[in-house]
file input.txt (compact mmCIF, C-alpha atoms)
# COMPACT_ATOMS: atom_id res chain seq x y z
CA MET A 536 -62.22 -224.08 -1.07
CA ASN A 537 -65.95 -224.35 -0.40
CA GLY A 538 -68.15 -226.38 1.91
CA SER A 539 -67.71 -227.37 5.52
CA LEU A 540 -64.41 -227.37 7.36
CA THR A 541 -64.48 -231.16 7.61
CA ASP A 542 -64.95 -231.49 3.86
CA ALA A 543 -62.24 -228.93 3.16
CA LEU A 544 -59.76 -230.64 5.51
CA GLN A 545 -60.45 -233.98 3.84
CA ALA A 546 -60.09 -232.48 0.37
CA VAL A 547 -56.69 -230.96 1.21
CA ALA A 548 -55.52 -234.15 2.91
CA SER A 549 -56.52 -236.25 -0.11
CA ARG A 550 -54.90 -233.82 -2.52
CA THR A 551 -51.68 -233.69 -0.49
CA ASP A 552 -51.57 -237.46 -0.07
CA ALA A 553 -52.02 -238.03 -3.80
CA PHE A 554 -49.31 -235.51 -4.65
CA LEU A 555 -46.85 -237.01 -2.13
CA ASP A 556 -47.61 -240.54 -3.29
CA ARG A 557 -46.57 -239.53 -6.82
CA PHE A 558 -43.62 -237.44 -5.72
CA LEU A 559 -42.20 -240.10 -3.39
CA ALA A 560 -42.57 -242.98 -5.86
CA TYR A 561 -39.44 -245.11 -6.26
CA ASP A 562 -38.07 -248.23 -7.91
CA PRO A 563 -38.48 -251.10 -5.38
CA GLY A 564 -35.48 -252.79 -6.97
CA CYS A 565 -33.06 -249.93 -6.24
CA ARG A 566 -30.31 -250.45 -3.68
CA ALA A 567 -31.62 -247.63 -1.46
CA ALA A 568 -35.15 -249.08 -1.39
CA ARG A 569 -35.12 -249.33 2.42
CA LEU A 570 -34.59 -245.58 2.68
CA PHE A 571 -37.43 -244.83 0.26
CA GLU A 572 -39.69 -247.19 2.20
CA ALA A 573 -38.86 -245.36 5.44
CA ILE A 574 -39.55 -242.00 3.76
CA ARG A 575 -42.96 -243.13 2.56
CA TYR A 576 -43.75 -244.80 5.90
CA SER A 577 -43.68 -241.47 7.72
CA SER A 578 -44.99 -239.27 4.91
CA LEU A 579 -48.02 -241.26 3.78
CA ASP A 580 -49.40 -242.33 7.14
CA GLY A 581 -52.68 -240.48 7.45
CA GLY A 582 -51.57 -237.25 9.10
CA LYS A 583 -54.12 -234.45 9.45
CA ARG A 584 -52.26 -232.24 6.91
CA ILE A 585 -53.01 -229.11 8.93
CA ARG A 586 -50.02 -227.22 7.53
CA PRO A 587 -50.96 -227.79 3.87
CA PHE A 588 -54.50 -226.76 4.77
CA VAL A 589 -53.27 -223.49 6.27
CA ALA A 590 -51.20 -222.76 3.16
CA PHE A 591 -54.13 -223.48 0.83
CA ALA A 592 -56.52 -221.44 2.98
CA PHE A 593 -54.32 -218.32 3.01
CA ALA A 594 -53.92 -218.42 -0.77
CA ASP A 595 -57.67 -218.94 -1.04
CA ALA A 596 -58.34 -215.93 1.21
CA LEU A 597 -56.44 -213.85 -1.34
CA GLY A 598 -58.37 -215.30 -4.26
CA ALA A 599 -55.42 -217.29 -5.56
CA SER A 600 -54.48 -220.91 -6.09
CA LEU A 601 -51.57 -222.53 -4.26
CA PRO A 602 -48.98 -224.67 -6.05
CA ASP A 603 -49.16 -228.20 -4.67
CA GLU A 604 -45.40 -228.05 -4.22
CA PHE A 605 -45.72 -225.26 -1.63
CA ALA A 606 -48.13 -227.26 0.53
CA ALA A 607 -46.17 -230.49 0.16
CA ALA A 608 -42.85 -228.83 1.02
CA VAL A 609 -44.12 -227.64 4.39
CA GLU A 610 -45.61 -231.06 5.09
CA LEU A 611 -42.33 -232.83 4.25
CA ILE A 612 -40.48 -230.61 6.72
CA HIS A 613 -43.11 -231.49 9.32
CA CYS A 614 -42.79 -235.23 8.60
CA ALA A 615 -39.01 -235.01 8.88
CA SER A 616 -39.33 -233.24 12.23
CA LEU A 617 -41.55 -236.02 13.58
CA ILE A 618 -39.08 -238.72 12.54
CA HIS A 619 -36.22 -236.89 14.24
CA ASP A 620 -38.30 -235.86 17.26
CA ASP A 621 -39.07 -239.51 18.08
CA LEU A 622 -35.41 -240.60 18.03
CA PRO A 623 -33.83 -241.80 21.30
CA ALA A 624 -31.52 -238.77 21.29
CA MET A 625 -34.53 -236.43 21.13
CA ASP A 626 -37.93 -237.26 22.67
CA ASN A 627 -37.37 -241.03 22.54
CA ASP A 628 -40.89 -242.10 21.62
CA ASP A 629 -41.75 -245.56 20.31
CA PHE A 630 -45.02 -244.58 18.63
CA ARG A 631 -46.26 -241.93 16.22
CA ARG A 632 -49.78 -241.61 14.79
CA GLY A 633 -50.77 -244.92 16.31
CA LYS A 634 -47.98 -247.05 14.85
CA PRO A 635 -44.28 -247.70 15.59
CA ALA A 636 -42.05 -244.66 15.20
CA ASN A 637 -39.80 -244.69 12.14
CA HIS A 638 -36.69 -245.77 14.06
CA LYS A 639 -38.64 -248.65 15.65
CA LYS A 640 -40.02 -249.81 12.31
CA PHE A 641 -36.64 -249.54 10.57
CA ASP A 642 -33.59 -248.51 12.61
CA GLU A 643 -32.07 -245.30 13.97
CA ALA A 644 -29.63 -244.73 11.13
CA THR A 645 -32.29 -245.21 8.47
CA ALA A 646 -34.67 -242.91 10.36
CA ILE A 647 -32.03 -240.17 10.49
CA LEU A 648 -31.41 -240.52 6.76
CA ALA A 649 -35.16 -240.52 6.03
CA GLY A 650 -35.60 -237.26 7.93
CA ASP A 651 -32.58 -235.72 6.22
CA ALA A 652 -33.83 -236.77 2.79
CA LEU A 653 -37.28 -235.29 3.43
CA LEU A 654 -35.76 -231.95 4.41
CA ILE A 655 -33.77 -231.87 1.19
CA LYS A 656 -36.70 -232.99 -0.94
CA ALA A 657 -38.82 -230.14 0.46
CA PHE A 658 -36.55 -227.51 -1.00
CA GLY A 659 -36.26 -229.38 -4.28
CA LEU A 660 -40.05 -229.17 -4.48
CA LEU A 661 -40.03 -225.41 -3.99
CA ALA A 662 -37.35 -224.98 -6.64
CA ASP A 663 -39.53 -226.85 -9.15
CA ALA A 664 -42.90 -225.34 -8.13
CA ASP A 665 -45.24 -224.30 -10.92
CA THR A 666 -45.16 -220.56 -10.21
CA GLU A 667 -43.04 -217.47 -10.80
CA ALA A 668 -39.33 -217.64 -9.91
CA GLU A 669 -39.68 -214.73 -7.47
CA LYS A 670 -42.38 -216.58 -5.52
CA ARG A 671 -40.36 -219.79 -5.50
CA ALA A 672 -37.34 -217.96 -4.10
CA ARG A 673 -39.35 -216.15 -1.42
CA ALA A 674 -41.07 -219.37 -0.40
CA ALA A 675 -37.76 -221.20 -0.07
CA SER A 676 -36.26 -218.35 1.96
CA ARG A 677 -39.16 -218.19 4.41
CA LEU A 678 -39.40 -221.95 4.83
CA ALA A 679 -35.64 -222.15 5.47
CA PHE A 680 -35.96 -219.46 8.14
CA TYR A 681 -38.83 -221.15 9.95
CA ALA A 682 -37.40 -224.68 9.70
CA GLY A 683 -33.85 -223.87 10.80
CA ALA A 684 -32.07 -222.62 13.90
CA ASP A 685 -34.22 -219.47 13.98
CA GLY A 686 -37.36 -221.60 14.11
CA MET A 687 -38.15 -225.30 14.46
CA CYS A 688 -34.61 -226.59 15.04
CA GLY A 689 -33.94 -223.82 17.53
CA GLY A 690 -37.11 -224.71 19.41
CA GLN A 691 -36.02 -228.34 19.60
CA GLN A 692 -32.66 -227.25 21.05
CA ILE A 693 -34.39 -225.21 23.76
CA ASP A 694 -36.54 -228.27 24.52
CA LEU A 695 -33.45 -230.48 24.83
CA ASP A 696 -31.62 -227.96 27.00
CA HIS A 697 -34.49 -227.73 29.49
CA THR A 698 -35.56 -231.36 29.72
CA GLY A 699 -35.24 -232.36 33.37
CA ARG A 700 -34.50 -228.76 34.36
CA ALA A 701 -36.67 -225.96 35.64
CA ALA A 702 -38.16 -223.85 32.85
CA ASP A 703 -40.32 -220.78 33.27
CA GLY A 704 -43.13 -219.55 31.06
CA ASP A 705 -40.84 -217.35 28.96
CA VAL A 706 -38.60 -220.29 28.07
CA LEU A 707 -41.56 -222.51 27.27
CA ARG A 708 -43.18 -219.81 25.12
CA GLU A 709 -40.02 -219.25 23.06
CA GLN A 710 -39.56 -223.01 22.68
CA ASP A 711 -43.05 -223.56 21.36
CA GLU A 712 -43.24 -220.43 19.21
CA LYS A 713 -40.29 -221.95 17.38
CA LYS A 714 -40.87 -225.68 17.68
CA THR A 715 -44.60 -225.68 16.91
CA GLY A 716 -45.57 -222.19 15.75
CA ALA A 717 -42.79 -221.74 13.19
CA LEU A 718 -43.98 -224.28 10.62
CA LEU A 719 -47.57 -223.06 10.91
CA ALA A 720 -46.28 -219.54 10.31
CA ALA A 721 -44.32 -220.86 7.32
CA ALA A 722 -47.46 -222.46 5.89
CA ALA A 723 -49.41 -219.23 6.35
CA GLU A 724 -46.67 -217.15 4.73
CA LEU A 725 -46.26 -219.52 1.78
CA GLY A 726 -49.99 -219.27 1.11
CA THR A 727 -49.75 -215.49 1.33
CA ILE A 728 -46.76 -215.43 -1.02
CA ALA A 729 -48.69 -217.54 -3.53
CA GLY A 730 -51.60 -215.11 -3.27
CA GLY A 731 -49.46 -212.01 -3.76
CA GLY A 732 -50.19 -210.69 -0.27
CA SER A 733 -48.96 -207.31 0.97
CA PRO A 734 -46.20 -206.88 3.59
CA ALA A 735 -48.91 -206.23 6.20
CA GLN A 736 -50.65 -209.45 5.24
CA MET A 737 -47.37 -211.37 5.40
CA LYS A 738 -46.84 -210.09 8.94
CA ALA A 739 -50.40 -211.01 9.90
CA ALA A 740 -50.02 -214.48 8.39
CA ALA A 741 -46.94 -215.08 10.54
CA GLN A 742 -48.79 -213.82 13.62
CA TYR A 743 -51.67 -216.17 12.88
CA GLY A 744 -49.35 -219.18 12.51
CA VAL A 745 -47.41 -218.54 15.69
CA ALA A 746 -50.54 -217.91 17.78
CA LEU A 747 -52.24 -220.98 16.33
CA GLY A 748 -49.13 -223.00 17.11
CA MET A 749 -49.13 -221.86 20.72
CA ALA A 750 -52.78 -222.83 21.18
CA PHE A 751 -52.12 -226.13 19.39
CA GLN A 752 -49.20 -226.95 21.71
CA MET A 753 -51.17 -226.12 24.83
CA VAL A 754 -53.96 -228.44 23.73
CA ASP A 755 -51.29 -231.08 22.99
CA ASP A 756 -49.99 -230.73 26.54
CA LEU A 757 -53.49 -231.16 27.93
CA LEU A 758 -54.05 -234.24 25.75
CA ASP A 759 -50.73 -235.70 26.91
CA LEU A 760 -51.94 -235.20 30.48
CA ARG A 761 -55.49 -236.50 30.00
CA GLY A 762 -55.56 -238.61 26.85
CA SER A 763 -54.90 -242.24 26.06
CA ALA A 764 -52.28 -243.57 23.68
CA ALA A 765 -55.05 -244.93 21.46
CA ALA A 766 -56.66 -241.50 21.20
CA ILE A 767 -53.57 -239.36 20.64
CA GLY A 768 -51.54 -241.89 18.61
CA LYS A 769 -48.40 -241.69 20.76
CA THR A 770 -47.33 -242.51 24.30
CA ALA A 771 -49.58 -240.66 26.76
CA GLY A 772 -48.14 -239.04 29.88
CA LYS A 773 -44.67 -239.13 28.39
CA ASP A 774 -43.87 -235.43 28.86
CA ALA A 775 -44.16 -235.64 32.63
CA SER A 776 -42.18 -238.89 32.87
CA ALA A 777 -39.42 -237.41 30.69
CA GLY A 778 -39.12 -234.33 32.90
CA LYS A 779 -40.32 -231.91 30.24
CA ALA A 780 -41.80 -228.54 31.14
CA THR A 781 -45.42 -228.26 30.06
CA TYR A 782 -48.09 -225.61 30.42
CA PRO A 783 -50.29 -227.70 32.74
CA ALA A 784 -47.26 -228.42 34.94
CA LEU A 785 -46.37 -224.72 35.14
CA PHE A 786 -49.82 -223.12 35.22
CA GLY A 787 -52.35 -225.87 35.88
CA ALA A 788 -54.89 -227.33 33.46
CA ASP A 789 -57.52 -224.59 33.88
CA GLU A 790 -55.08 -221.76 33.20
CA THR A 791 -53.64 -223.67 30.24
CA GLU A 792 -57.14 -223.90 28.77
CA ARG A 793 -57.58 -220.14 29.27
CA LEU A 794 -54.23 -219.36 27.65
CA ALA A 795 -54.99 -221.63 24.69
CA ALA A 796 -58.28 -219.81 24.14
CA ALA A 797 -56.48 -216.45 24.34
CA TYR A 798 -53.95 -217.50 21.70
CA SER A 799 -56.77 -218.77 19.49
CA ALA A 800 -58.39 -215.34 19.78
CA GLN A 801 -55.08 -213.70 18.79
CA ALA A 802 -54.86 -215.97 15.75
CA LYS A 803 -58.36 -214.97 14.62
CA GLU A 804 -57.61 -211.29 15.22
CA ALA A 805 -54.62 -211.53 12.85
CA LEU A 806 -57.01 -212.60 10.08
CA ASP A 807 -58.51 -209.08 10.07
CA ALA A 808 -55.68 -208.14 7.70
CA PHE A 809 -57.35 -210.27 5.05
CA GLY A 810 -60.48 -208.15 5.02
CA ASP A 811 -64.01 -209.47 5.01
CA GLY A 812 -64.30 -212.42 7.39
CA ALA A 813 -65.87 -214.55 4.68
CA LYS A 814 -62.58 -214.62 2.78
CA ALA A 815 -60.85 -216.44 5.63
CA ALA A 816 -63.89 -218.24 7.03
CA LEU A 817 -62.24 -221.65 7.00
CA LEU A 818 -59.24 -220.32 8.92
CA TYR A 819 -61.55 -218.98 11.64
CA GLU A 820 -63.24 -222.39 11.77
CA LEU A 821 -59.91 -224.22 11.82
CA THR A 822 -58.77 -222.16 14.80
CA ASP A 823 -61.84 -223.17 16.82
CA PHE A 824 -61.60 -226.78 15.64
CA LEU A 825 -58.00 -227.17 16.81
CA LEU A 826 -58.78 -225.61 20.17
CA ALA A 827 -61.55 -228.17 20.78
CA ARG A 828 -59.78 -231.25 19.36
CA ASP A 829 -59.45 -234.44 21.38
CA ARG A 830 -56.55 -236.07 19.53

call {"tool": "encode", "arguments": {"input": "input.txt", "output": "structure tokens"}}
result
Amino acid sequence: MNGSLTDALQAVASRTDAFLDRFLAYDPGCRAARLFEAIRYSSLDGGKRIRPFVAFAFADALGASLPDEFAAAVELIHCASLIHDDLPAMDNDDFRRGKPANHKKFDEATAILAGDALLIKAFGLLADADTEAEKRARAASRLAFYAGADGMCGGQQIDLDHTGRAADGDVLREQDEKKTGALLAAAAELGTIAGGGSPAQMKAAAQYGVALGMAFQMVDDLLDLRGSAAAIGKTAGKDASAGKATYPALFGADETERLAAAYSAQAKEALDAFGDGAKAALLYELTDFLLARDR
């Protein structure tokens, strides 16, 4: 990937969107058409595609190409998590990315099925990826780890268990390392697997993803506190009204900003394992970009 970060982000987003549009094509006359429509509604809705970008950038840092299936698989897991996260039984949000949440556009049962189907489709993609069998198997194993009870799903459970209850910094950190950091770590590891990275580079990729996820979540908390629904694409101020623990609530906005910057610095430090800074230049830029984002 060459050029500016903005150009590179747009190129990955366009590539991922085109791939998903083909992969998620369906016969409008089929009896399950409503389910396919719900799947496409939440998968082809203009997301930033940060996780595919991370996967592509790590492969690129190792001088390798990334199978489109690897990037799309991580993104499908992410899309499924957003559908389920918005459900009344979870975070109960009516909006996502500036439009009605999946269960508001369709219905709760269809939204649950759409999320389930996306999770399954993600692993089908990895099984069929255009790369060596050993890399496909490793990618599936790592994505399963980060998406399941040890990662994203476990983080969601911690979130549910502490909604409306006191939670300290240790609880919040474990929640967000799993709920937000895990899929970014998965993306980084899948890119490293595609590039034939060493065990040390695999460890560093995971460290980058988790640290980036922590900074990302802290910025999210600040945006929820300060932003508007129009800017952030979902209900603003909802965390506080739902009784959720957040970094600004625990530490204050200024300390949250300091912690986010510290995690961003940790993420960039992990990139040292990939040698010359030029090889991972876009990942350094991405880290700064996400720290300064306003949506």

call {"tool": "atom_distance", "arguments": {"input": "input.txt", "atom1": "CA of Asp626 (chain A)", "atom2": "CA of Ser578 (chain A)"}}
result
19.2 Å

call {"tool": "closest_residue", "arguments": {"input": "input.txt", "among": "A:Ala729, A:Ala624, A:Ala675, A:Ala573", "to": "Ala592 (chain A)", "atoms": "all atoms listed in the file"}}
result
A:Ala729

call {"tool": "closest_residue", "arguments": {"input": "input.txt", "among": "A:Leu695, A:Ala590, A:Ala649, A:Ala596", "to": "Gly744 (chain A)", "atoms": "all atoms listed in the file"}}
result
A:Ala590

call {"tool": "closest_residue", "arguments": {"input": "input.txt", "among": "A:Val609, A:Leu678, A:Leu622, A:Ala735", "to": "Asp807 (chain A)", "atoms": "all atoms listed in the file"}}
result
A:Ala735

call {"tool": "atom_distance", "arguments": {"input": "input.txt", "atom1": "CA of Lys640 (chain A)", "atom2": "CA of Phe571 (chain A)"}}
result
13.3 Å

call {"tool": "residues_around", "arguments": {"input": "input.txt", "residues": "Leu611 (chain A)", "least_positions_apart": "6", "cutoff": "9 Å", "atoms": "all atoms listed in the file", "output": "PyMOL selection string"}}
result
chain A and resi 555+578+650+653-654+656-657

call {"tool": "residues_around", "arguments": {"input": "input.txt", "residues": "region 810-824 of chain A", "least_positions_apart": "6", "cutoff": "10 Å", "atoms": "all atoms listed in the file", "output": "short mmCIF file (atom, residue, chain, number, x, y, z; two decimals) with C-alpha atoms, in the coordinates of the input"}}
result
data_model
loop_
_atom_site.label_atom_id
_atom_site.label_comp_id
_atom_site.auth_asym_id
_atom_site.auth_seq_id
_atom_site.Cartn_x
_atom_site.Cartn_y
_atom_site.Cartn_z
CA MET A 536 -62.22 -224.08 -1.07
CA ASN A 537 -65.95 -224.35 -0.40
CA GLY A 538 -68.15 -226.38 1.91
CA SER A 539 -67.71 -227.37 5.52
CA LEU A 540 -64.41 -227.37 7.36
CA THR A 541 -64.48 -231.16 7.61
CA ALA A 543 -62.24 -228.93 3.16
CA LEU A 544 -59.76 -230.64 5.51
CA ILE A 585 -53.01 -229.11 8.93
CA PHE A 588 -54.50 -226.76 4.77
CA VAL A 589 -53.27 -223.49 6.27
CA ALA A 592 -56.52 -221.44 2.98
CA PHE A 593 -54.32 -218.32 3.01
CA ALA A 594 -53.92 -218.42 -0.77
CA ASP A 595 -57.67 -218.94 -1.04
CA ALA A 596 -58.34 -215.93 1.21
CA LEU A 597 -56.44 -213.85 -1.34
CA GLY A 598 -58.37 -215.30 -4.26
CA GLN A 736 -50.65 -209.45 5.24
CA TYR A 743 -51.67 -216.17 12.88
CA ALA A 746 -50.54 -217.91 17.78
CA LEU A 747 -52.24 -220.98 16.33
CA GLY A 748 -49.13 -223.00 17.11
CA ALA A 750 -52.78 -222.83 21.18
CA PHE A 751 -52.12 -226.13 19.39
CA ALA A 796 -58.28 -219.81 24.14
CA TYR A 798 -53.95 -217.50 21.70
CA SER A 799 -56.77 -218.77 19.49
CA ALA A 800 -58.39 -215.34 19.78
CA ALA A 802 -54.86 -215.97 15.75
CA LYS A 803 -58.36 -214.97 14.62
CA GLU A 804 -57.61 -211.29 15.22
#

call {"tool": "closest_residue", "arguments": {"input": "input.txt", "among": "A:Ala674, A:Ile728, A:Leu648, A:Leu718", "to": "Cys688 (chain A)", "atoms": "all atoms listed in the file"}}
result
A:Leu718

call {"tool": "atom_distance", "arguments": {"input": "input.txt", "atom1": "CA of Ala784 (chain A)", "atom2": "CA of Pro623 (chain A)"}}
result
23.4 Å

call {"tool": "closest_residue", "arguments": {"input": "input.txt", "among": "A:Leu617, A:Ile647, A:Ala672, A:Ala662", "to": "Lys714 (chain A)", "atoms": "only C-alpha atoms"}}
result
A:Leu617

call {"tool": "residues_around", "arguments": {"input": "input.txt", "residues": "Ala684 (chain A)", "least_positions_apart": "6", "cutoff": "12 Å", "atoms": "only C-alpha atoms", "output": "list of chain:residue names"}}
result
A:Leu678, A:Gly690, A:Gln691, A:Gln692, A:Ile693, A:Gln710, A:Lys713, A:Lys714, A:Ala717

call {"tool": "write_last_selection", "arguments": {"input": "input.txt", "atoms": "C-alpha atoms", "output": "JSON list (two decimals), in the frame of the given file"}}
result
[["chain", "number", "residue", "atom", "x", "y", "z"],
["A", 678, "LEU", "CA", -39.40, -221.95, 4.83],
["A", 690, "GLY", "CA", -37.11, -224.71, 19.41],
["A", 691, "GLN", "CA", -36.02, -228.34, 19.60],
["A", 692, "GLN", "CA", -32.66, -227.25, 21.05],
["A", 693, "ILE", "CA", -34.39, -225.21, 23.76],
["A", 710, "GLN", "CA", -39.56, -223.01, 22.68],
["A", 713, "LYS", "CA", -40.29, -221.95, 17.38],
["A", 714, "LYS", "CA", -40.87, -225.68, 17.68],
["A", 717, "ALA", "CA", -42.79, -221.74, 13.19]]

call {"tool": "closest_residue", "arguments": {"input": "input.txt", "among": "A:Leu601, A:Gly659, A:Cys565, A:Ala808", "to": "Lys738 (chain A)", "atoms": "only C-alpha atoms"}}
result
A:Ala808

call {"tool": "residues_near_point", "arguments": {"input": "input.txt", "point": "(-36.4, -220.0, -6.5)", "cutoff": "10 Å", "atoms": "only C-alpha atoms", "output": "list of chain:residue names"}}
result
A:Phe658, A:Gly659, A:Leu661, A:Ala662, A:Asp663, A:Ala664, A:Thr666, A:Glu667, A:Ala668, A:Glu669, A:Lys670, A:Arg671, A:Ala672, A:Arg673, A:Ala674, A:Ala675, A:Ser676

call {"tool": "axis_aligned_box", "arguments": {"input": "input.txt", "around": "region 631-639 of chain A", "padding_each_side": "6 Å", "output": "lines of an AutoDock Vina configuration file"}}
result
center_x = -43.7
center_y = -245.1
center_z = 14.2
size_x = 26.1
size_y = 19.0
size_z = 16.2

call {"tool": "residues_around", "arguments": {"input": "input.txt", "residues": "Cys614 (chain A)", "least_positions_apart": "4", "cutoff": "7 Å", "atoms": "only C-alpha atoms", "output": "number ranges by chain"}}
result
A: 577-578, 610, 618
